[in-house]
Each structure stands twice: as C-alpha cells, then as structure tokens.
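Written below as structure tokens is the structure these notes are about.
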Amino acid sequence: MKSEMKSLEDHNTWELVKMPRDKKAIGCKWVFRIKRDPNGNVVKFKARLVAKGYTQRPGIDFTDTFAPVARKESINASLATAAEEDMEAENVDVDTAFLYGDVEEELYMDQPDGFEDQSNPAMKCLLKQALYGTKQAARQWNNKLNKHLEDQGFRRSDADPCVYVLRSTDEYSIVVIYVDDLMLFSKTKEHIELIKVALRKSSASRSWES
C-alpha cells in the first residue's frame with residue numbers, strides 16, 4: 001500500500017484541498033491482487049487504490065468515456081506483417097497506465113483509508129490525473145498516449161485507431177495498443193528500445209514491464 005501511495009504521489013495524482021459546498025466527492029477503496037509468473041508462481045502482492053467511479057455523475061464528474069481497443073483482426077495483421085518483414089517484437093505492460101491521463105473535470109475524491117492527512121481529515125483529493133476506476137481513465141490515457149506516439153512520428157491508422165505505423169528510409173515500426181498493453185514491432189531491437197525510452201520519458205514513468 002505504501003508503494004502504491006508513493007506511485008500516486010510521484011505522479012502528482014491529486015491535490016488535497018477544501019472542497020466547495022456545492023461539490024460531491026466520490027469514494028475510493030483498496031483492491032488487492034497476487035501477481036504470478038507464466039508458471040503460476042507468486043511474483044509479488046499488489047495493492048491498488050481504485051476510485052468508486054460508479055458514483056460519478058454524467059455531465060458533472062465526466063463527459064466522454066470511450067477509448068478504442070485494438071481489433072483482433074488488427075492484431076493478427078500486425079503479427080503477420082512482423083513475421084513477413086522479419087521484425088523484432090516485444091510486449092510492454094504499462095503498470096500504472098491510468099495515472100497518465102489528465103482529468104479535465106473538477107473531480108473530488110475522499111482521502112484513502114489508512115492514509116488520511118491527520119492535520120486535515122476533512123479535506124478532499126482534487127484529482128489531477130485519472131485514477132483507476134474513474135469513468136474517464138481509459139480515454140484520457142489513450143489520448144495522452146496518442147499524442148506521445150504522434151510526437152515520435154507515428155501515424156495513426158485510418159482502419160484502426162489503436163494501430164500506429166512509423167516508416168522512414170531506415171525504420172519501419174508498428175505499435176498496437178490494447179488498453180494498457182503495447183505490442184511493439186520494429187526492424188531492430190534498437191528501434192524498439194528507442195520507442196520505449198521516448199515513451200518512458202514523455203510519461204515520466206519507470207513502471208513499464210516487458
């Protein structure tokens with residue numbers, strides 16, 4: 001739980017403020033899970049703070065929520081292209097993906113259980129980043145990732161908004177987005193590393209798992 005709170009603080013997820021009387025805060029809760037390796041062995045125990053997004057009010061606490069997900073056909077086509085072009089491939093899991101989307105609405109949340117500010121127990125968390133569980137989290141993450149990829153020179157596919165292609169005289173790379181997982185394909189491992197480094201830098205993240 002302390003590790004999760006540190007990650008939230010590092011990402012400047014919220015600001016503790018006095019909530020206006022005409023506003024209403026949403027709740028939050030701790031969710032615990034066990035992470036296992038492909039053989040089923042326990043790797044680590046994880047605690048995640050999740051907002052009770054089901055209490056958010058449409059038009060007040062959130063507006064648009066849609067976030068695209070790569071189609072199965074797009075994934076298969078990308079895999080086929082990678083095989084035909086003899087490309088390197090790597091899957092990347094952005095462990096704290098939903099902490100990278102900016103909150104556009106004025107959204108307040110109760111302080112997390114066990115980590116209340118004892119000096120200001122009545123204050124609320126004004127969310128600055130989209131926390132897990134909020135209605136807009138997936139959309140805001142996708143919007144930010146789209147900008148980062150386009151800044152790197154990738155072009156978003158007209159056929160599938162979750163597929164990005166970068167072509168140049170010395171590089172051919174493909175990125176496929178599936179929620180918080182990225183499938184990276186490129187002619188060389190060096191180019192894949194360059195993509196990862198650029199994305200880490202742009203999102204100030206160290207919590208990427210290959």
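Quick note on naming: the chains in the structure tokens go A, B, ... in the order shown, residues restart at 1 in each chain, and ligands are numbered from 1 in order of appearance.
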Check your understanding: So which bits of chain A end up helix (DSSP H, G or I) when you DSSP the backbone, as an NGL selection string?
Key -> :A and (2-10 or 53-55 or 72-84 or 97-99 or 137-151 or 189-203)
Write out the residues from the selection above, keeping C-alpha atoms, as an mmCIF file, in the first residue's frame.
```
data_model
loop_
_atom_site.group_PDB
_atom_site.id
_atom_site.type_symbol
_atom_site.label_atom_id
_atom_site.label_comp_id
_atom_site.auth_asym_id
_atom_site.auth_seq_id
_atom_site.Cartn_x
_atom_site.Cartn_y
_atom_site.Cartn_z
ATOM 1 C CA LYS A 2 2.881 2.322 0.788
ATOM 2 C CA SER A 3 4.397 1.572 -2.624
ATOM 3 C CA GLU A 4 1.095 2.393 -4.332
ATOM 4 C CA MET A 5 0.777 5.648 -2.409
ATOM 5 C CA LYS A 6 4.323 6.603 -3.387
ATOM 6 C CA SER A 7 3.481 5.987 -7.048
ATOM 7 C CA LEU A 8 0.365 8.148 -6.721
ATOM 8 C CA GLU A 9 2.400 10.908 -5.106
ATOM 9 C CA ASP A 10 5.154 10.644 -7.727
ATOM 10 C CA GLY A 53 -16.281 5.593 -10.468
ATOM 11 C CA TYR A 54 -19.776 4.130 -10.408
ATOM 12 C CA THR A 55 -20.793 7.070 -8.208
ATOM 13 C CA LYS A 72 -8.447 -8.950 -33.239
ATOM 14 C CA GLU A 73 -8.030 -8.591 -37.000
ATOM 15 C CA SER A 74 -5.612 -5.693 -36.500
ATOM 16 C CA ILE A 75 -3.530 -7.679 -34.025
ATOM 17 C CA ASN A 76 -3.372 -10.658 -36.388
ATOM 18 C CA ALA A 77 -2.474 -8.420 -39.334
ATOM 19 C CA SER A 78 0.309 -6.756 -37.339
ATOM 20 C CA LEU A 79 1.690 -10.140 -36.288
ATOM 21 C CA ALA A 80 1.599 -11.337 -39.901
ATOM 22 C CA THR A 81 3.367 -8.184 -41.114
ATOM 23 C CA ALA A 82 6.012 -8.544 -38.418
ATOM 24 C CA ALA A 83 6.652 -12.151 -39.451
ATOM 25 C CA GLU A 84 6.809 -11.282 -43.144
ATOM 26 C CA ALA A 97 -1.137 3.463 -17.254
ATOM 27 C CA PHE A 98 -4.272 5.164 -15.995
ATOM 28 C CA LEU A 99 -2.250 7.588 -13.891
ATOM 29 C CA ALA A 137 -9.385 7.000 -17.053
ATOM 30 C CA ALA A 138 -9.088 4.821 -20.176
ATOM 31 C CA ARG A 139 -9.992 7.643 -22.553
ATOM 32 C CA GLN A 140 -7.569 10.123 -21.022
ATOM 33 C CA TRP A 141 -4.750 7.563 -21.058
ATOM 34 C CA ASN A 142 -5.451 6.792 -24.717
ATOM 35 C CA ASN A 143 -5.489 10.492 -25.627
ATOM 36 C CA LYS A 144 -2.145 11.102 -23.942
ATOM 37 C CA LEU A 145 -0.541 8.009 -25.485
ATOM 38 C CA ASN A 146 -1.814 9.070 -28.913
ATOM 39 C CA LYS A 147 -0.073 12.425 -28.542
ATOM 40 C CA HIS A 148 3.178 10.815 -27.400
ATOM 41 C CA LEU A 149 3.238 8.430 -30.377
ATOM 42 C CA GLU A 150 2.411 11.148 -32.885
ATOM 43 C CA ASP A 151 5.172 13.293 -31.379
ATOM 44 C CA LYS A 189 15.769 -4.167 -31.170
ATOM 45 C CA GLU A 190 17.497 -0.789 -31.004
ATOM 46 C CA HIS A 191 14.452 0.925 -32.504
ATOM 47 C CA ILE A 192 12.159 -0.835 -30.035
ATOM 48 C CA GLU A 193 14.315 0.433 -27.180
ATOM 49 C CA LEU A 194 14.202 3.953 -28.627
ATOM 50 C CA ILE A 195 10.390 3.809 -28.697
ATOM 51 C CA LYS A 196 10.272 2.615 -25.084
ATOM 52 C CA VAL A 197 12.747 5.228 -23.892
ATOM 53 C CA ALA A 198 10.802 8.035 -25.593
ATOM 54 C CA LEU A 199 7.513 6.868 -24.073
ATOM 55 C CA ARG A 200 9.047 6.478 -20.620
ATOM 56 C CA LYS A 201 10.481 9.966 -20.843
ATOM 57 C CA SER A 202 7.265 11.539 -22.072
ATOM 58 C CA SER A 203 5.156 9.935 -19.341
#
```
Could you make a table, as CSV, of the residues of region 52-124 of chain A that have an atom within 6 Å of an atom of region 11-30 of chain A, each with its nearest atom pair and distance in Å to one decimal, counting only C-alpha atoms, in chain and number order?
```
residue,atom,partner,partner_atom,distance
A:Lys52,CA,A:Cys28,CA,5.1
A:Tyr108,CA,A:Ala25,CA,4.6
A:Met109,CA,A:Ala25,CA,4.7
A:Asp110,CA,A:Gly27,CA,5.2
A:Met123,CA,A:Lys18,CA,4.9
A:Lys124,CA,A:Val17,CA,5.5
```
**Study point:** Distance of CA of Lys187 (chain A) from CA of Pro161 (chain A), expressed in Å to one decimal place
**Key:** 22.1 Å
Exercise for review: Please measure the separation of CA of Gly114 (chain A) and CA of Val50 (chain A), giving the value in Å to one decimal.
Suggested key: 14.0 Å
Practice item. Record the distance separating CA of Ser173 (chain A) and CA of Val69 (chain A), expressed in Å with one decimal. Key: 19.3 Å
Point to revise | Selection near Asp102 (chain A), 7 Å with only C-alpha atoms, sequence-local residues under 6 positions removed, as a PyMOL selection string | key: chain A and resi 128-130+140
Check your understanding: region 34-123 of chain A: which residues are strand (DSSP E or B) by DSSP, as a list in words?
Key ->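 In region 34-123 of chain A, DSSP puts these residues in strand (DSSP E or B): Ile34, Lys35, Arg36, Val42, Val43, Lys44, Phe45, Lys46, Ala47, Arg48, Leu49, Val50, Ala51, Pro58, Phe62, Glu88, Ala89, Glu90, Asn91, Val92, Asp93, Val94, Asp102, Tyr108 and Met109 of chain A.
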**Study point:** Nearby residues (only C-alpha atoms) at most 7 Å from Glu90 (chain A), same-chain spacing under 3 positions excluded, as an MDAnalysis selection string
**Key:** chainID A and resid 183:185
**Study point:** Given only C-alpha atoms as the counted atoms, nearest of A:Ser168, A:Gln118, A:Gln56, A:Gln111 to Thr134 (chain A)
**Key:** A:Gln56
